[in-house]
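*Asks:* Have a look at this one.
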Amino acid sequence: MTQSDHPLLKGLTPPQREAVMHAGGPMLVLAAAGSGKTRVITRRIAWLIQSGAAPWSIMALTFTNKAAGEMRERVTELILGPAPEDADPESPRFVRGLTVTTFHALCARLLRRYAEEANLPGVKPDFTIYPTSDQLAIIKQAVKDADLSTTNWAPRSVLSAISAAKNELVTARQYEANAVDFYHKTIAKLYAAYERGMHRAGAVDFDDLLLLTATMLRDNASIRGACQDRWRHLLIDEYQDTNKAQFEIARLLAGDGRPADELADMPGVEADTSTRTGPDICVVGDPDQAIYGWRGADLSNILDFETQFPGARVVKLGQNFRSTAPILGAADTLIKRNKQRKDKPLFTDRDGGERVTAVLCRDEHHESNLIADWFTNLHENAGVPWREMAVFYRTNALSRVMEESLRTARIPYVIARGTAFYEREEVRDALSYLRVVANQADDVSLGRIVNKPTRGLGKTSLDRIALLAGREGLPMFEALRRAPETGAAPGAVKSAARFVQLIDDWTGAGSFMGASVSGTLAELVGRVIDESGLSAHYRKVANASGAESDEERLDNLDELVSSARDFEAEFDPLADPIADEADPLDMDAPFDPDAEAPAVPVPPLLAMLRAFLESVALVADADATDPDQGAVTLMTLHAAKGLEFDAAAMIGLEEGLLPHSRAFESEAELEEERRLAFVGITRARKLLHMTSARYRTVRGATERTIPSRFLSEVGTDHVVTSDQSDAWDDVDQTTDQPRERSYDRGAAVRGDLDRVREQRRQISATASDLAREEYPEGCTVRHPQFGEGRVMRVMGGQHARAVVRFASVGEKTLVLEYARLRRVR
DNA sequence: AGAGGCAATTTTTTT
DNA sequence: AATTGCCTCT
């Protein structure tokens, strides 16, 4: 078989092949948007394995779980072949020992495994990962303790200062040493206090995961050595988004590479030995898609790669296989405006394709209706599946109006907000209980649930107990045990004892790892939700008001149990980068893709709980996009990176939104905004709509807007612009009030004004019929506040109304347009 | 102690 | 508009 016939090289361009086959040593793949970057990485991993590299010697790092999951899946298919139809979902297919994960998840695992050995200050293996909201709680306390006002020292900005420092690998001590003025000295003080608070709670934050891992690898030769011995091949995706800490981790993991002779027997490799030195680190990225400068990403990591890894091979992938020529043309014209940029070709060999459209709309409702109609049209007339459509926006707030329009148009949609579920009050409460179970020093979580549902532990008593905790340097939970000493009210003391007993029951009084607490993770989660009184609490509320939100809360708690069950079922101990501890891999055995996975001892419940909480802490918004869903996807431009759709809409192209007003100050940030727009444009395969609204209501105030500079910067060769913002008079001149906002939406897309006017005349006439059709008398509906009710009467006219009799509040007359009614059953 | 109401305030993006 | 925090009332 000649090389080019190799199945892993099939259909690849010469530069893609070069990257896949690269013999080893540092390599930088500059991959333009849509140039088959993921393909190259996955094929390279498969290539390495087929060339004799052990799967467990390969590590691929991504930024989101979703990207990691997809990569893992694609490598599995390349190695094991496509999944059989009758595949047992219970026994997941995976390439044993291969590490494909996110930076953060890798760091979490490494820290749990090595924190004790490395003797990192304040980090125990049972650490909790604090999300931003919990970080803020610690900072707020630190600000208060320092007798500063949270007005002058907004926790949010203090946090970003600390975070920025951590991303630069600056510790609290170093920060203090460098602080010269009052501001920096104060931040230094707060940084130190924050660290103390985190240590006390046994918590680390997202930045710590990276910082501590980098420090650990740097300062501890034996741990570094162990990692370098294990992972000989390192691949990093989206390298343009790495920050200094991530660069350090990559550099330390890559080490100095292996002796050249280890590579000598790789088949299909050119006899070019000059490239066979240095660490086998392969990074893939595109400087034009760098959009995370604000969280410390450092473009010099990719720009200076050749300096940092001497002798690096550079492969450029410029040919785009994704988008039509007009879309690429628009993207290219736009990105050329950036001054801080190495120009690189972006080309396709395909002709044709529809031009990009830019539409200036009247307001955000017009805008979202326009998109909804476009989608409907594509779906019904062009047969484009819903899942091939997406809406991108700069800020999450823009999703709301879009949702409304999609709902009205009965278009199925999903919002890519992976974290949303875990941010819900009831879910956070349940997780807080679980986190206290996993780590009893977690004071922030404890504080949230110690009296929820209320169990007679009020502020006064808790303050007294907190005093004891502060005096003796105890975690709150320990202080609760000693409540009798605090002189708290007898009732409160009793409550404290009951609470302590509750937690102790779940943990087997600290003997968690023993056999005293058995069962599955899902059982534990269910038990905690139940015995904590949370479910009873919400059930009571739900029964009392019948409101949707409370029923929903119960459902969400159930869903948390199911997600625990799923996690347990899918938990793959061998996918764990440190699995070799629990189940030593036979490093010398030849890799056999068909070998049965060995029976792995079920991890103890506590380990499972920690792994579950960790996975929950590390979910990304982008993880929530599910390509199998038959639904339009709504997401931020940031979450869109790495994805592609047949038809995409970018909304809110206005000065202040995209580019965002916070970026006006600096040229560098403006260029990042431009890259963000570039990322959005290049997500579209065939059709792209860009819209801007003449008026937009933000935080309750309607403002006149200015169309984004990017709309003109995409040029006119590939883009058709139409101004529909004044296609009709929407304001009644006599009262200066807006008239009912209705227009023919299909016609608006086509810009057919006569039809618009005709349709408008008809709309009010048919409104009542439509309303009756949608809400026939006697049907049951649900209102977000009032709960379920029965429709008694429907009235038409300009603002169709319905009289609804609610169980909770009696009869109400609701304007259908505004009352977010939903039919039940 | 705890719930509910009112006022103030708003990081844009995320692991 | 919506969330969050503070304060009052029961």
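We label chains A, B, ... in the order they appear in the structure tokens, count residues from 1 in each chain, and number ligands from 1 in the order shown.
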For chain A, report every residue with an atom at most 12 Å from chain C (counting only C-alpha atoms (C1' of nucleotides)), formatted as a list in words.
*Replies:*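 Here is what falls inside 12 Å: Ala397, Arg400, Val401, Thr697, Val698, Arg699, Gly700, Ala701 and Thr702 of chain A.
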*Asks:* Residues of chain A that have any atom at most 9 Å from an atom of chain B: could you tabulate them with the shortest-distance atom pair and the distance in Å to one decimal, using only C-alpha atoms (C1' of nucleotides), ordered by chain and increasing number, as CSV?
*Replies:*
```
residue,atom,partner,partner_atom,distance
A:Phe63,CA,B:DT15,C1',7.5
A:Thr64,CA,B:DT15,C1',7.9
A:Phe103,CA,B:DT15,C1',8.6
A:His104,CA,B:DT15,C1',6.7
A:Arg156,CA,B:DT11,C1',7.8
A:Ser157,CA,B:DT11,C1',8.5
A:Phe206,CA,B:DT15,C1',6.2
A:Asp207,CA,B:DT15,C1',8.2
A:Ile291,CA,B:DT13,C1',8.5
A:Tyr292,CA,B:DT13,C1',7.9
A:Trp294,CA,B:DT13,C1',8.1
A:Arg295,CA,B:DT14,C1',8.0
A:Arg394,CA,B:DT12,C1',7.1
A:Thr395,CA,B:DT12,C1',5.6
A:Asn396,CA,B:DT12,C1',8.1
A:Thr454,CA,B:DG2,C1',8.3
A:Gly456,CA,B:DA1,C1',7.3
A:Leu457,CA,B:DA1,C1',8.3
A:Gly458,CA,B:DA1,C1',6.0
A:Lys459,CA,B:DA1,C1',8.2
A:Leu618,CA,B:DT15,C1',6.6
A:Val619,CA,B:DT15,C1',8.0
A:Ala620,CA,B:DT15,C1',6.9
A:Asp621,CA,B:DT14,C1',7.9
A:Thr636,CA,B:DT13,C1',7.9
A:Leu637,CA,B:DT13,C1',8.2
A:His638,CA,B:DT13,C1',6.4
A:Ala639,CA,B:DT14,C1',8.8
A:Leu657,CA,B:DT12,C1',8.4
A:His660,CA,B:DT12,C1',7.3
A:Arg662,CA,B:DT12,C1',7.9
A:Arg699,CA,B:DT10,C1',8.4
```
*Asks:* Output N, CA and C atoms for every residue in that selection, as a tab-separated table (two decimals), in the first residue's frame.
*Replies:*
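To be explicit, this is the file written out as selection17.tsv:
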```tsv
chain	number	residue	atom	x	y	z
A	63	PHE	N	-10.78	23.10	24.92
A	63	PHE	CA	-11.27	24.08	25.89
A	63	PHE	C	-12.65	23.75	26.43
A	64	THR	N	-13.40	22.95	25.71
A	64	THR	CA	-14.73	22.61	26.21
A	64	THR	C	-14.90	21.10	26.22
A	103	PHE	N	-8.41	21.45	29.43
A	103	PHE	CA	-7.34	21.91	30.31
A	103	PHE	C	-7.78	21.84	31.76
A	104	HIS	N	-8.96	22.37	32.00
A	104	HIS	CA	-9.41	22.47	33.39
A	104	HIS	C	-9.65	21.11	34.02
A	156	ARG	N	-16.82	42.18	42.04
A	156	ARG	CA	-16.63	41.77	40.66
A	156	ARG	C	-15.29	42.25	40.09
A	157	SER	N	-14.96	43.50	40.34
A	157	SER	CA	-13.73	44.00	39.74
A	157	SER	C	-12.52	43.53	40.54
A	206	PHE	N	-11.39	28.41	39.21
A	206	PHE	CA	-11.00	27.95	37.87
A	206	PHE	C	-9.54	28.30	37.57
A	207	ASP	N	-9.17	29.51	37.96
A	207	ASP	CA	-7.81	29.94	37.65
A	207	ASP	C	-6.79	29.13	38.45
A	291	ILE	N	-10.45	35.04	20.67
A	291	ILE	CA	-11.55	35.87	21.20
A	291	ILE	C	-11.60	35.84	22.72
A	292	TYR	N	-10.54	35.35	23.33
A	292	TYR	CA	-10.57	35.26	24.79
A	292	TYR	C	-9.47	36.06	25.46
A	294	TRP	N	-9.76	38.72	26.99
A	294	TRP	CA	-10.27	39.22	28.27
A	294	TRP	C	-10.12	38.20	29.38
A	295	ARG	N	-9.91	36.94	29.04
A	295	ARG	CA	-9.70	36.05	30.17
A	295	ARG	C	-8.26	35.56	30.19
A	394	ARG	N	-24.10	38.79	20.53
A	394	ARG	CA	-22.94	39.17	21.33
A	394	ARG	C	-23.20	38.93	22.83
A	395	THR	N	-24.40	39.27	23.27
A	395	THR	CA	-24.69	39.13	24.69
A	395	THR	C	-25.89	38.23	24.92
A	396	ASN	N	-25.86	37.53	26.01
A	396	ASN	CA	-26.93	36.59	26.30
A	396	ASN	C	-28.31	37.25	26.35
A	454	THR	N	-36.04	26.38	56.09
A	454	THR	CA	-35.82	26.95	57.41
A	454	THR	C	-35.94	25.86	58.47
A	456	GLY	N	-34.98	26.80	61.84
A	456	GLY	CA	-34.80	27.47	63.11
A	456	GLY	C	-33.38	27.89	63.41
A	457	LEU	N	-32.60	28.08	62.36
A	457	LEU	CA	-31.24	28.58	62.57
A	457	LEU	C	-31.15	29.97	61.94
A	458	GLY	N	-31.56	30.94	62.69
A	458	GLY	CA	-31.63	32.30	62.17
A	458	GLY	C	-30.30	33.00	62.21
A	459	LYS	N	-30.34	34.24	61.77
A	459	LYS	CA	-29.11	35.01	61.64
A	459	LYS	C	-28.39	35.15	62.98
A	618	LEU	N	-17.40	22.08	35.97
A	618	LEU	CA	-16.63	22.37	34.76
A	618	LEU	C	-17.46	22.34	33.47
A	619	VAL	N	-18.78	22.33	33.58
A	619	VAL	CA	-19.56	22.38	32.35
A	619	VAL	C	-19.44	23.75	31.71
A	620	ALA	N	-19.43	23.75	30.42
A	620	ALA	CA	-19.36	24.99	29.67
A	620	ALA	C	-20.68	25.23	28.97
A	621	ASP	N	-20.94	26.49	28.64
A	621	ASP	CA	-22.17	26.79	27.92
A	621	ASP	C	-22.20	26.06	26.59
A	636	THR	N	-24.22	32.55	22.12
A	636	THR	CA	-23.35	33.70	21.98
A	636	THR	C	-22.30	33.41	20.92
A	637	LEU	N	-21.70	34.47	20.43
A	637	LEU	CA	-20.65	34.29	19.43
A	637	LEU	C	-19.49	33.51	20.02
A	638	HIS	N	-19.23	33.71	21.31
A	638	HIS	CA	-18.14	32.96	21.93
A	638	HIS	C	-18.41	31.47	21.92
A	639	ALA	N	-19.65	31.12	22.23
A	639	ALA	CA	-19.99	29.69	22.30
A	639	ALA	C	-20.01	29.07	20.91
A	657	LEU	N	-22.87	47.10	20.77
A	657	LEU	CA	-23.18	45.69	21.03
A	657	LEU	C	-22.12	44.80	20.36
A	660	HIS	N	-18.76	45.70	21.09
A	660	HIS	CA	-19.33	46.08	22.37
A	660	HIS	C	-18.71	47.38	22.88
A	662	ARG	N	-17.74	48.23	25.65
A	662	ARG	CA	-16.58	48.10	26.54
A	662	ARG	C	-15.28	47.96	25.77
A	699	ARG	N	-32.27	46.95	28.95
A	699	ARG	CA	-32.55	47.22	30.36
A	699	ARG	C	-33.69	48.21	30.53
```
*Asks:* Quick one: DSSP alpha helix (DSSP H) residues in stretch 328-503 of chain A, as a PyMOL selection string?
*Replies:* chain A and resi 328-335+364-381+399-408+420-423+425-438+443-449+459-472+476-481+490-503
*Asks:* Could you check which of A:Arg435, A:Leu12, A:Lys316, A:Glu364 is closest to A:Glu614, using only C-alpha atoms?
*Replies:*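 Among A:Arg435, A:Leu12, A:Lys316, A:Glu364, it is A:Arg435 that comes nearest to A:Glu614.
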*Asks:* If you measure from atom CA of A:Pro131 to atom CA of A:Ile465, what distance in Å do you get, rounded to one decimal?
*Replies:*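 Between atom CA of A:Pro131 and atom CA of A:Ile465 the gap is 25.6 Å.
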*Asks:* Just list the residues in stretch 240-481 of chain A DSSP gives strand (DSSP E) on the backbone, as a list in words.
*Replies:* Asp280, Ile281, Cys282, Val283, Val284, Gly285, Arg313, Val314, Val315, Lys316, Leu317, Val356, Thr357, Ala358, Val359, Leu360, Cys361, Arg362, Asp363, Met389, Ala390, Val391, Phe392, Tyr393, Tyr413, Val414 and Ile415 of chain A
*Asks:* One number please: atom CA of A:Asp241 to atom CA of A:Gly293, in Å, one decimal.
*Replies:*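 These atoms are spaced 7.5 Å apart.
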*Asks:* Calculate how many Å separate atom CA of A:Gly34 from atom CA of A:Val714, rounding to one decimal.
*Replies:* 18.3 Å
